[in-house]
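Coordinates from coords01.cif are shown below (mmCIF, C-alpha atoms and all ligand atoms).
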data_input
#
loop_
_atom_site.label_atom_id
_atom_site.label_comp_id
_atom_site.auth_asym_id
_atom_site.auth_seq_id
_atom_site.Cartn_x
_atom_site.Cartn_y
_atom_site.Cartn_z
CA MET E 1 4.62 -7.97 -21.04
CA SER E 2 7.34 -5.73 -22.47
CA PRO E 3 10.29 -4.90 -20.17
CA ASP E 4 9.46 -1.20 -20.47
CA LEU E 5 5.86 -1.68 -19.35
CA LEU E 6 6.91 -3.89 -16.44
CA GLU E 7 9.45 -1.29 -15.34
CA SER E 8 6.88 1.50 -15.57
CA LYS E 9 4.39 -0.52 -13.52
CA SER E 10 7.00 -1.38 -10.89
CA ILE E 11 8.03 2.26 -10.54
CA GLY E 12 4.32 3.17 -10.65
CA ALA E 13 3.46 0.96 -7.66
CA LEU E 14 6.29 2.40 -5.55
CA LEU E 15 5.95 6.02 -6.64
CA GLY E 16 2.16 5.64 -6.46
CA THR E 17 2.49 4.73 -2.78
CA PHE E 18 4.70 7.79 -2.24
CA THR E 19 2.40 10.16 -4.17
CA GLY E 20 -0.78 9.00 -2.40
CA ASP E 21 1.00 9.25 0.94
CA ALA E 22 2.19 12.81 0.20
CA LEU E 23 -1.27 13.90 -1.02
CA GLY E 24 -2.97 12.50 2.08
CA MET E 25 -0.48 13.59 4.72
CA PRO E 26 -1.63 17.24 5.08
CA VAL E 27 -5.22 16.16 5.83
CA GLU E 28 -4.47 13.00 7.85
CA GLY E 29 -7.14 12.60 10.54
CA TYR E 30 -9.53 15.15 8.99
CA THR E 31 -13.09 13.96 8.60
CA TYR E 32 -14.72 14.22 5.18
CA GLU E 33 -16.60 17.31 6.45
CA MET E 34 -13.40 18.96 7.74
CA ILE E 35 -11.78 18.58 4.32
CA VAL E 36 -14.84 20.12 2.65
CA SER E 37 -14.83 23.09 4.98
CA ALA E 38 -11.04 23.65 4.76
CA TYR E 39 -10.41 22.98 1.05
CA GLY E 40 -13.67 22.08 -0.70
CA GLN E 41 -11.80 19.20 -2.30
CA VAL E 42 -8.12 18.27 -2.16
CA THR E 43 -6.96 18.46 -5.78
CA GLU E 44 -3.21 18.99 -5.44
CA LEU E 45 -0.27 18.52 -3.10
CA LEU E 46 -0.67 20.83 -0.11
CA PRO E 47 1.95 22.15 2.32
CA ALA E 48 2.60 19.36 4.83
CA ARG E 49 4.12 19.04 8.29
CA LEU E 50 7.55 18.10 6.84
CA GLY E 51 7.18 20.26 3.69
CA LEU E 52 5.41 20.02 0.33
CA GLY E 53 5.52 16.54 -1.20
CA THR E 54 7.01 14.80 1.83
CA TYR E 55 6.23 11.24 2.79
CA THR E 56 5.38 9.46 6.03
CA ASP E 57 6.06 6.04 7.60
CA ASP E 58 4.04 4.39 4.81
CA THR E 59 6.64 5.18 2.17
CA GLN E 60 9.60 4.83 4.53
CA LEU E 61 8.59 1.26 5.41
CA MET E 62 7.82 0.44 1.77
CA ILE E 63 11.36 1.55 0.91
CA GLY E 64 12.67 -0.93 3.49
CA VAL E 65 10.64 -3.78 1.97
CA ALA E 66 11.90 -2.91 -1.53
CA GLU E 67 15.54 -2.59 -0.43
CA SER E 68 15.46 -5.95 1.28
CA LEU E 69 13.77 -7.85 -1.56
CA ILE E 70 16.14 -6.31 -4.09
CA GLU E 71 19.27 -7.01 -2.06
CA CYS E 72 18.34 -10.56 -1.00
CA GLY E 73 16.31 -11.55 -4.09
CA VAL E 74 13.84 -13.25 -1.75
CA PHE E 75 12.23 -12.63 1.66
CA LYS E 76 14.79 -12.67 4.51
CA GLY E 77 13.10 -11.65 7.73
CA GLU E 78 16.13 -10.53 9.65
CA HIS E 79 17.41 -8.45 6.75
CA MET E 80 14.06 -6.74 6.21
CA ALA E 81 13.63 -6.06 9.93
CA ASN E 82 17.12 -4.50 9.94
CA ARG E 83 16.12 -2.21 7.06
CA PHE E 84 13.08 -1.05 9.11
CA VAL E 85 15.38 -0.25 12.03
CA ALA E 86 18.04 1.49 9.91
CA ASN E 87 15.51 3.65 8.02
CA PHE E 88 13.40 4.60 11.06
CA ASP E 89 12.80 8.33 11.43
CA SER E 90 10.36 9.15 14.21
CA GLN E 91 9.27 12.37 12.48
CA ARG E 92 7.57 10.32 9.77
CA GLY E 93 4.57 9.56 12.03
CA TYR E 94 4.72 5.85 12.83
CA GLY E 95 1.90 3.98 14.59
CA ARG E 96 2.70 3.32 18.25
CA GLY E 97 2.74 -0.45 17.75
CA ALA E 98 5.23 -0.08 14.92
CA VAL E 99 7.45 2.12 17.09
CA GLU E 100 7.39 -0.56 19.76
CA VAL E 101 8.31 -3.36 17.33
CA ILE E 102 11.14 -1.35 15.78
CA TYR E 103 12.46 -0.55 19.25
CA ARG E 104 12.36 -4.24 20.22
CA LEU E 105 14.17 -5.17 16.99
CA SER E 106 16.84 -2.54 17.70
CA GLN E 107 17.34 -4.17 21.12
CA GLY E 108 18.02 -7.55 19.55
CA VAL E 109 14.59 -9.18 19.89
CA PRO E 110 14.35 -11.74 17.03
CA TRP E 111 12.18 -10.61 14.11
CA ARG E 112 9.94 -13.65 14.46
CA SER E 113 8.78 -12.62 17.92
CA ALA E 114 9.08 -8.80 17.97
CA GLY E 115 5.52 -8.20 16.68
CA ALA E 116 3.75 -10.86 18.74
CA LYS E 117 1.35 -9.94 21.56
CA LEU E 118 1.12 -6.30 20.51
CA PHE E 119 -2.27 -5.00 21.72
CA GLY E 120 -2.92 -8.47 23.17
CA GLY E 121 -3.55 -10.41 19.96
CA GLY E 122 -1.19 -8.65 17.56
CA SER E 123 -1.71 -5.43 15.60
CA PHE E 124 -4.46 -5.07 13.02
CA GLY E 125 -3.26 -1.57 12.09
CA ASN E 126 -2.85 -0.94 8.37
CA GLY E 127 0.95 -0.69 8.60
CA GLY E 128 1.49 -4.14 7.10
CA ALA E 129 -0.66 -3.38 4.05
CA MET E 130 0.57 0.16 3.37
CA ARG E 131 4.17 -1.01 2.72
CA ILE E 132 3.39 -4.14 0.68
CA ALA E 133 3.62 -2.79 -2.91
CA PRO E 134 7.10 -4.23 -3.66
CA VAL E 135 5.87 -7.75 -2.86
CA GLY E 136 2.85 -7.43 -5.18
CA VAL E 137 5.03 -6.20 -8.04
CA MET E 138 7.91 -8.62 -7.65
CA TYR E 139 5.68 -11.71 -7.53
CA PHE E 140 2.83 -10.61 -9.80
CA SER E 141 3.40 -13.67 -12.00
CA ASP E 142 3.78 -16.17 -9.13
CA THR E 143 0.73 -16.08 -6.85
CA ASP E 144 1.92 -18.71 -4.36
CA SER E 145 5.16 -16.82 -3.69
CA LEU E 146 3.24 -13.53 -3.58
CA LEU E 147 0.85 -14.79 -0.88
CA ASP E 148 3.62 -16.40 1.16
CA THR E 149 5.99 -13.41 0.95
CA ALA E 150 3.25 -10.89 1.74
CA GLU E 151 2.25 -12.85 4.84
CA LYS E 152 5.84 -13.05 6.11
CA THR E 153 6.54 -9.39 5.29
CA ALA E 154 3.45 -8.18 7.18
CA LYS E 155 3.96 -10.47 10.18
CA ILE E 156 7.23 -8.78 11.15
CA THR E 157 4.99 -6.14 12.75
CA HIS E 158 1.36 -7.26 12.24
CA THR E 159 0.52 -10.67 13.71
CA HIS E 160 -3.25 -10.20 14.07
CA PRO E 161 -4.94 -12.17 11.22
CA LEU E 162 -6.88 -9.09 10.08
CA GLY E 163 -3.60 -7.16 9.97
CA TRP E 164 -1.49 -9.60 7.97
CA GLY E 165 -4.49 -11.00 6.07
CA GLY E 166 -5.41 -7.54 4.78
CA ALA E 167 -1.80 -7.00 3.74
CA VAL E 168 -1.90 -10.26 1.76
CA LEU E 169 -5.11 -9.09 0.09
CA GLN E 170 -3.56 -5.72 -0.80
CA ALA E 171 -0.43 -7.45 -2.18
CA LEU E 172 -2.55 -9.74 -4.36
CA ALA E 173 -4.58 -6.75 -5.57
CA ILE E 174 -1.32 -5.01 -6.54
CA GLY E 175 -0.18 -8.18 -8.32
CA LEU E 176 -3.45 -8.35 -10.27
CA SER E 177 -3.14 -4.66 -11.15
CA ALA E 178 0.41 -5.22 -12.36
CA SER E 179 -0.80 -8.14 -14.54
CA SER E 180 -3.57 -6.08 -16.09
CA GLU E 181 -3.21 -4.58 -19.55
CA PRO E 182 -3.60 -0.81 -19.07
CA ALA E 183 -5.21 -0.23 -22.47
CA THR E 184 -7.92 -2.87 -21.84
CA PRO E 185 -10.87 -2.09 -19.54
CA LEU E 186 -10.43 -3.76 -16.15
CA ASP E 187 -12.91 -6.54 -15.36
CA THR E 188 -13.65 -5.50 -11.78
CA ASP E 189 -15.85 -8.52 -11.05
CA SER E 190 -13.11 -10.99 -11.97
CA PHE E 191 -10.62 -8.89 -10.03
CA LEU E 192 -12.79 -9.15 -6.90
CA ASN E 193 -13.40 -12.87 -7.47
CA GLU E 194 -9.64 -13.49 -7.53
CA LEU E 195 -9.24 -11.61 -4.27
CA VAL E 196 -12.13 -13.44 -2.59
CA SER E 197 -10.68 -16.82 -3.63
CA CYS E 198 -7.48 -16.25 -1.63
CA ILE E 199 -9.20 -15.29 1.64
CA GLN E 200 -8.36 -17.66 4.49
CA PRO E 201 -10.75 -18.65 7.32
CA GLU E 202 -8.73 -16.64 9.89
CA TRP E 203 -9.49 -13.42 8.04
CA GLU E 204 -12.80 -14.23 6.39
CA ALA E 205 -14.20 -10.86 7.53
CA TYR E 206 -12.73 -9.51 4.27
CA GLN E 207 -15.16 -11.58 2.21
CA HIS E 208 -18.06 -9.52 3.44
CA LYS E 209 -16.14 -6.29 2.85
CA LEU E 210 -15.31 -7.23 -0.73
CA GLU E 211 -18.99 -7.95 -1.41
CA HIS E 212 -19.68 -4.41 -0.17
CA VAL E 213 -17.05 -3.18 -2.65
CA ARG E 214 -18.84 -5.04 -5.45
CA GLU E 215 -22.20 -3.54 -4.51
CA LEU E 216 -20.81 -0.03 -4.14
CA LEU E 217 -19.22 -0.28 -7.60
CA SER E 218 -22.63 -1.01 -9.10
CA GLN E 219 -24.09 2.20 -7.64
CA PRO E 220 -23.32 5.90 -8.13
CA PHE E 221 -20.47 7.09 -5.89
CA ASP E 222 -21.66 8.18 -2.45
CA GLU E 223 -18.89 9.06 0.01
CA ASP E 224 -21.07 8.59 3.11
CA GLU E 225 -21.95 5.07 2.07
CA VAL E 226 -18.36 4.20 1.18
CA ILE E 227 -17.17 5.43 4.59
CA GLU E 228 -19.99 3.70 6.45
CA ARG E 229 -19.69 0.34 4.71
CA LEU E 230 -15.92 0.12 4.13
CA GLY E 231 -14.40 2.52 6.68
CA ASN E 232 -11.61 5.11 6.42
CA ASP E 233 -9.64 4.40 9.56
CA ILE E 234 -6.27 3.16 10.71
CA SER E 235 -7.29 -0.52 10.91
CA THR E 236 -6.46 -2.81 8.00
CA GLN E 237 -10.06 -4.01 7.76
CA GLY E 238 -11.26 -0.38 7.70
CA SER E 239 -8.87 0.77 4.97
CA VAL E 240 -7.69 -1.95 2.54
CA PRO E 241 -11.20 -2.62 1.09
CA THR E 242 -11.64 1.16 0.84
CA ALA E 243 -8.44 1.53 -1.19
CA ILE E 244 -9.44 -1.38 -3.42
CA TYR E 245 -12.82 0.31 -3.97
CA CYS E 246 -11.24 3.69 -4.83
CA PHE E 247 -8.97 2.01 -7.38
CA LEU E 248 -11.72 -0.12 -8.96
CA HIS E 249 -14.06 2.86 -9.10
CA GLN E 250 -11.53 4.78 -11.24
CA PRO E 251 -9.18 2.11 -12.65
CA ASP E 252 -8.00 4.25 -15.56
CA SER E 253 -7.12 7.49 -13.80
CA PHE E 254 -4.41 7.70 -11.15
CA GLU E 255 -5.47 11.22 -10.30
CA ASP E 256 -9.18 10.43 -9.86
CA ALA E 257 -8.60 7.21 -7.89
CA VAL E 258 -6.15 8.75 -5.43
CA LEU E 259 -8.11 11.98 -4.97
CA THR E 260 -11.26 9.94 -4.31
CA ALA E 261 -9.34 8.13 -1.56
CA VAL E 262 -7.81 11.23 0.03
CA ASN E 263 -11.08 13.19 0.00
CA LEU E 264 -12.85 10.49 2.04
CA GLY E 265 -10.91 11.77 5.05
CA GLY E 266 -9.75 9.62 7.97
CA ASP E 267 -6.45 7.80 7.43
CA THR E 268 -5.90 9.78 4.23
CA ASP E 269 -2.15 9.24 3.78
CA THR E 270 -2.42 5.47 4.05
CA ILE E 271 -5.63 5.01 2.04
CA GLY E 272 -4.10 7.39 -0.53
CA ALA E 273 -0.84 5.41 -0.52
CA MET E 274 -2.58 2.04 -0.96
CA THR E 275 -4.84 3.36 -3.74
CA GLY E 276 -1.79 4.95 -5.40
CA ALA E 277 0.06 1.61 -5.31
CA LEU E 278 -2.84 -0.18 -7.01
CA SER E 279 -3.30 2.48 -9.66
CA GLY E 280 0.41 2.90 -10.36
CA ALA E 281 0.82 -0.88 -10.72
CA ARG E 282 -1.87 -0.92 -13.42
CA LEU E 283 -1.20 2.32 -15.27
CA GLY E 284 2.55 2.80 -14.82
CA TYR E 285 4.32 5.78 -13.34
CA GLU E 286 3.68 8.06 -16.32
CA ALA E 287 0.01 8.09 -15.24
CA ILE E 288 1.00 10.02 -12.09
CA PRO E 289 0.50 13.69 -13.01
CA PRO E 290 3.98 15.11 -13.83
CA GLU E 291 3.41 18.21 -11.65
CA TRP E 292 2.85 15.93 -8.65
CA ARG E 293 5.92 13.85 -9.45
CA ASP E 294 8.00 17.03 -9.71
CA GLN E 295 6.90 18.15 -6.25
CA LEU E 296 7.78 14.95 -4.38
CA GLU E 297 10.68 15.32 -1.95
CA ASN E 298 13.89 14.36 -3.67
CA GLY E 299 16.69 14.38 -1.11
CA GLN E 300 18.27 11.19 0.23
CA SER E 301 15.75 8.33 -0.19
CA GLY E 302 13.44 10.65 -2.13
CA ARG E 303 11.79 10.44 -5.54
CA ASP E 304 14.83 9.47 -7.65
CA TYR E 305 15.83 6.81 -5.15
CA VAL E 306 12.31 5.32 -5.08
CA MET E 307 12.26 5.29 -8.89
CA GLU E 308 15.61 3.47 -8.92
CA LEU E 309 14.23 0.88 -6.48
CA GLY E 310 11.26 0.43 -8.84
CA LYS E 311 13.66 -0.23 -11.74
CA GLN E 312 15.66 -2.79 -9.79
CA LEU E 313 12.52 -4.49 -8.51
CA ALA E 314 11.29 -4.82 -12.11
CA GLU E 315 14.46 -6.80 -12.93
CA HIS E 316 13.58 -9.32 -10.22
CA ALA E 317 9.95 -9.40 -11.36
CA SER E 318 11.11 -10.02 -14.91
CA LYS E 319 13.32 -12.96 -13.88
CA ILE E 320 10.43 -14.52 -11.98
CA LEU E 321 8.11 -13.94 -14.95
CA THR E 322 10.46 -15.66 -17.35
CA GLY E 323 11.37 -18.47 -14.95
CA LEU E 324 15.01 -17.41 -14.74
CA ARG E 325 15.25 -16.86 -11.02
CA ASN E 326 17.90 -18.88 -9.24
N1 LIG D 1 -6.56 -3.82 19.18
C1 LIG D 1 -6.89 -2.52 19.34
N2 LIG D 1 -6.34 -1.51 18.60
C2 LIG D 1 -5.44 -1.86 17.67
C3 LIG D 1 -5.06 -3.22 17.47
C4 LIG D 1 -5.66 -4.22 18.26
N3 LIG D 1 -5.37 -5.52 18.14
N4 LIG D 1 -4.16 -3.24 16.49
C5 LIG D 1 -3.97 -1.96 16.09
N5 LIG D 1 -4.74 -1.12 16.82
P1 LIG D 1 0.04 0.13 14.91
P2 LIG D 1 0.62 0.68 12.14
C6 LIG D 1 -4.84 0.36 16.67
O1 LIG D 1 0.30 1.00 16.10
O2 LIG D 1 -0.33 -0.38 11.75
C7 LIG D 1 0.49 5.77 10.71
O3 LIG D 1 -0.20 6.95 10.91
C8 LIG D 1 -3.99 1.07 17.71
O4 LIG D 1 -4.59 2.30 18.03
O5 LIG D 1 0.44 -1.30 14.97
O6 LIG D 1 1.96 0.66 11.55
C9 LIG D 1 0.38 5.30 9.27
O7 LIG D 1 0.29 6.33 8.36
C10 LIG D 1 -2.71 1.30 16.96
O8 LIG D 1 -1.90 2.34 17.45
O9 LIG D 1 0.78 0.83 13.70
C11 LIG D 1 -0.84 4.46 9.26
O10 LIG D 1 -1.98 5.23 9.12
C12 LIG D 1 -3.22 1.60 15.57
O11 LIG D 1 -4.31 0.72 15.39
C13 LIG D 1 -0.84 3.86 10.60
O12 LIG D 1 -0.11 4.74 11.46
C14 LIG D 1 -2.19 1.40 14.45
O13 LIG D 1 -1.53 0.17 14.58
C15 LIG D 1 -0.17 2.52 10.58
O14 LIG D 1 -0.03 2.09 11.85
MG MG D 2 1.54 7.53 7.49
#

File written out as structure tokens:
Amino acid sequence: MSPDLLESKSIGALLGTFTGDALGMPVEGYTYEMIVSAYGQVTELLPARLGLGTYTDDTQLMIGVAESLIECGVFKGEHMANRFVANFDSQRGYGRGAVEVIYRLSQGVPWRSAGAKLFGGGSFGNGGAMRIAPVGVMYFSDTDSLLDTAEKTAKITHTHPLGWGGAVLQALAIGLSASSEPATPLDTDSFLNELVSCIQPEWEAYQHKLEHVRELLSQPFDEDEVIERLGNDISTQGSVPTAIYCFLHQPDSFEDAVLTAVNLGGDTDTIGAMTGALSGARLGYEAIPPEWRDQLENGQSGRDYVMELGKQLAEHASKILTGLRN
């Protein structure tokens, strides 16, 4: 892969997360029917709680993952947990489990134990998966490191197997998207087979979900059936397969994939963010409509900063690809 394409894909995965998050944020929690009655369809960035083109916890946590991997060159749990604490801004709409973990970390609880016992058996919220794009990009050419790093990255906050397992699945899907040649049609069956082959017994519920994805892809799009069979909620199991479906349904259009995701309703910012990561990793950041890119917030830690992180992450990905990492 040329260095330019790799850089574009790396920026695409990060900025794709941001763009999907910003598109979904204004209608977060709306049902499909509420979106239809308020807007018909969402087709553009809408005014949001924090302003047009602003992001939520999804992008803020993804920034922390990227910063840590870039600075350390490898997963360092304490460092990444510290980035989550330093970047935390309560206005960005964090899940209550995530708020609790970040508080515990800020009080000196070790990163290995801060996320344990949340909700009894650990969180299965989609917060581990929504921030995972940098892992998928950095290790797209090294599946063992990708799976291991995704698991560790998610477990800082999400220790329920469906929570971290779904994050691993999303990271692998991003890695496969980054490996794919954008000018060649995507083989969605092989893509799903690769995902299924990495599923572990603890989170085998995803196998069933991915077979639903395969079946839904062979039929005409029907939003009710997608929502019923895959979900559109805040759980990892009810959102990662949905994002994978939205991407595979429209693998060659960032706009169509992400708008399909957002218009399903439910956890729109996160399903939008995860679909955006997958699409951006395949198509590169130029596939994100320029008028959307222009509208993304661009203050401190805004669009330019995220693009710079994407560039630096691509340098790490390139070293791993060429076997030059130290
Ligand atoms: N049992 C019951 N409910 C659970 C469990 C469980 N084991 N795990 C999670 N939940 P959280 P996140 C429910 O709080 O994953 C933002 O809006 C519970 O209601 O760990 O980071 C983002 O945009 C819990 O509050 O945070 C994402 O949409 C919720 O799932 C989302 O929040 C979320 O899990 C990410 O949240
Ligand atoms: Mg959010």

Give me, please, the distance in Å between atom CA of Glu151 of chain E and atom CA of Phe88 of chain E, quoted to one decimal.
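Computing the Euclidean distance for atom CA of Glu151 of chain E and atom CA of Phe88 of chain E yields 21.6 Å.
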
Using all atoms listed in the file, which protein or nucleic acid residues come within 6 Å of Gln295 of chain E? Drop anything in the same chain fewer than 2 positions from it, and give the result as an MDAnalysis selection string.
chainID E and resid 53 292:293

What's the separation between atom CA of Thr17 of chain E and atom CA of Gln219 of chain E, in Å to one decimal place?
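Separation between atom CA of Thr17 of chain E and atom CA of Gln219 of chain E: 27.1 Å.
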
Could I get the residues of chain E with an atom no further than 6 Å from an atom of ligand MG 2 (chain D), each paired with its nearest atom pair and that distance in Å to one decimal, using all atoms listed in the file, sorted by chain and residue number, as JSON lines?
{"residue": "E:Thr56", "atom": "CA", "partner": "D:MG2", "partner_atom": "MG", "distance": 4.5}
{"residue": "E:Asp57", "atom": "CA", "partner": "D:MG2", "partner_atom": "MG", "distance": 4.8}
{"residue": "E:Asp58", "atom": "CA", "partner": "D:MG2", "partner_atom": "MG", "distance": 4.8}
{"residue": "E:Gly93", "atom": "CA", "partner": "D:MG2", "partner_atom": "MG", "distance": 5.8}
{"residue": "E:Asp269", "atom": "CA", "partner": "D:MG2", "partner_atom": "MG", "distance": 5.5}
{"residue": "E:Thr270", "atom": "CA", "partner": "D:MG2", "partner_atom": "MG", "distance": 5.6}

Grab the atom CA of Met25 of chain E to atom CA of Val306 of chain E distance for me, in Å with one decimal place.
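Interatomic distance here is 18.1 Å.
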
Using only C-alpha atoms, which residues sit within 8 Å of Ala178 of chain E once same-chain residues fewer than 2 positions away are excluded, as a list of chain:residue names?
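Near neighbours after the sequence-gap exclusion: E:Leu6, E:Lys9, E:Ser10, E:Gly136, E:Val137, E:Phe140, E:Ile174, E:Gly175, E:Leu176, E:Ser180, E:Ala281, E:Arg282.
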
Return the single residue from E:His316, E:His79, E:His160, E:His249 that is closest to ligand LIG 1 (chain D), with distances computed using only C-alpha atoms and all ligand atoms.
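The shortest atom-to-atom distance to ligand LIG 1 (chain D) comes from E:His160.
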
Would you mind listing the residues within 6 Å of ligand LIG 1 (chain D), counting only C-alpha atoms and all ligand atoms, as a ChimeraX atom specification?
/E:57-58,93-98,119,121-127,234-235,267,269-270

Counting only C-alpha atoms, closest pick from E:Gly73, E:Gly323, E:Gly120, E:Pro289 relative to Glu255 of chain E is E:Pro289

Extract, using only C-alpha atoms, all DNA, RNA and protein residues at most 7 Å from Tyr55 of chain E, discarding same-chain residues fewer than 4 positions from it, and format them as a list in words.
Phe18, Asp21, Ala22 and Thr59 of chain E

For Ser190 of chain E: contacts at 12 Å, only C-alpha atoms, fewer than 5 positions along chain excluded, given as JSON, numbers by chain
{"E": [173, 176, 177, 180, 185, 195, 196, 197, 214, 248]}

Those selected residues, please, written with C-alpha atoms and delivered as a short mmCIF file (atom, residue, chain, number, x, y, z; two decimals), in the coordinates of the input.
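Produced file result33.cif, reproduced below:
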data_model
loop_
_atom_site.label_atom_id
_atom_site.label_comp_id
_atom_site.auth_asym_id
_atom_site.auth_seq_id
_atom_site.Cartn_x
_atom_site.Cartn_y
_atom_site.Cartn_z
CA ALA E 173 -4.58 -6.75 -5.57
CA LEU E 176 -3.45 -8.35 -10.27
CA SER E 177 -3.14 -4.66 -11.15
CA SER E 180 -3.57 -6.08 -16.09
CA PRO E 185 -10.87 -2.09 -19.54
CA LEU E 195 -9.24 -11.61 -4.27
CA VAL E 196 -12.13 -13.44 -2.59
CA SER E 197 -10.68 -16.82 -3.63
CA ARG E 214 -18.84 -5.04 -5.45
CA LEU E 248 -11.72 -0.12 -8.96
#

Which residues come within 7 Å of segment 237-242 of chain E, counting all atoms listed in the file, excluding same-chain residues fewer than 4 positions away, as a list in words?
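The residues that qualify are Leu162, Gly166, Gln170, Lys209, Leu210, Val213, Leu230, Gly231, Asn232, Asp233, Cys246 and Ile271 of chain E.
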
When distances are computed from all atoms listed in the file, which of E:Val226, E:Leu217, E:Leu146, E:Leu23 shows the smallest separation from Thr54 of chain E?
E:Leu23

Nearest-residue call for Gly272 of chain E, choices E:Thr184, E:Thr19, E:Ser2, E:Gln41, using only C-alpha atoms:
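Among the listed residues, E:Thr19 lies closest to Gly272 of chain E.
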
Could you tell me which of E:Leu118, E:Val99, E:Ala171, E:Leu259 comes closest to Ser145 of chain E if we count all atoms listed in the file?
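Among the listed residues, E:Ala171 lies closest to Ser145 of chain E.
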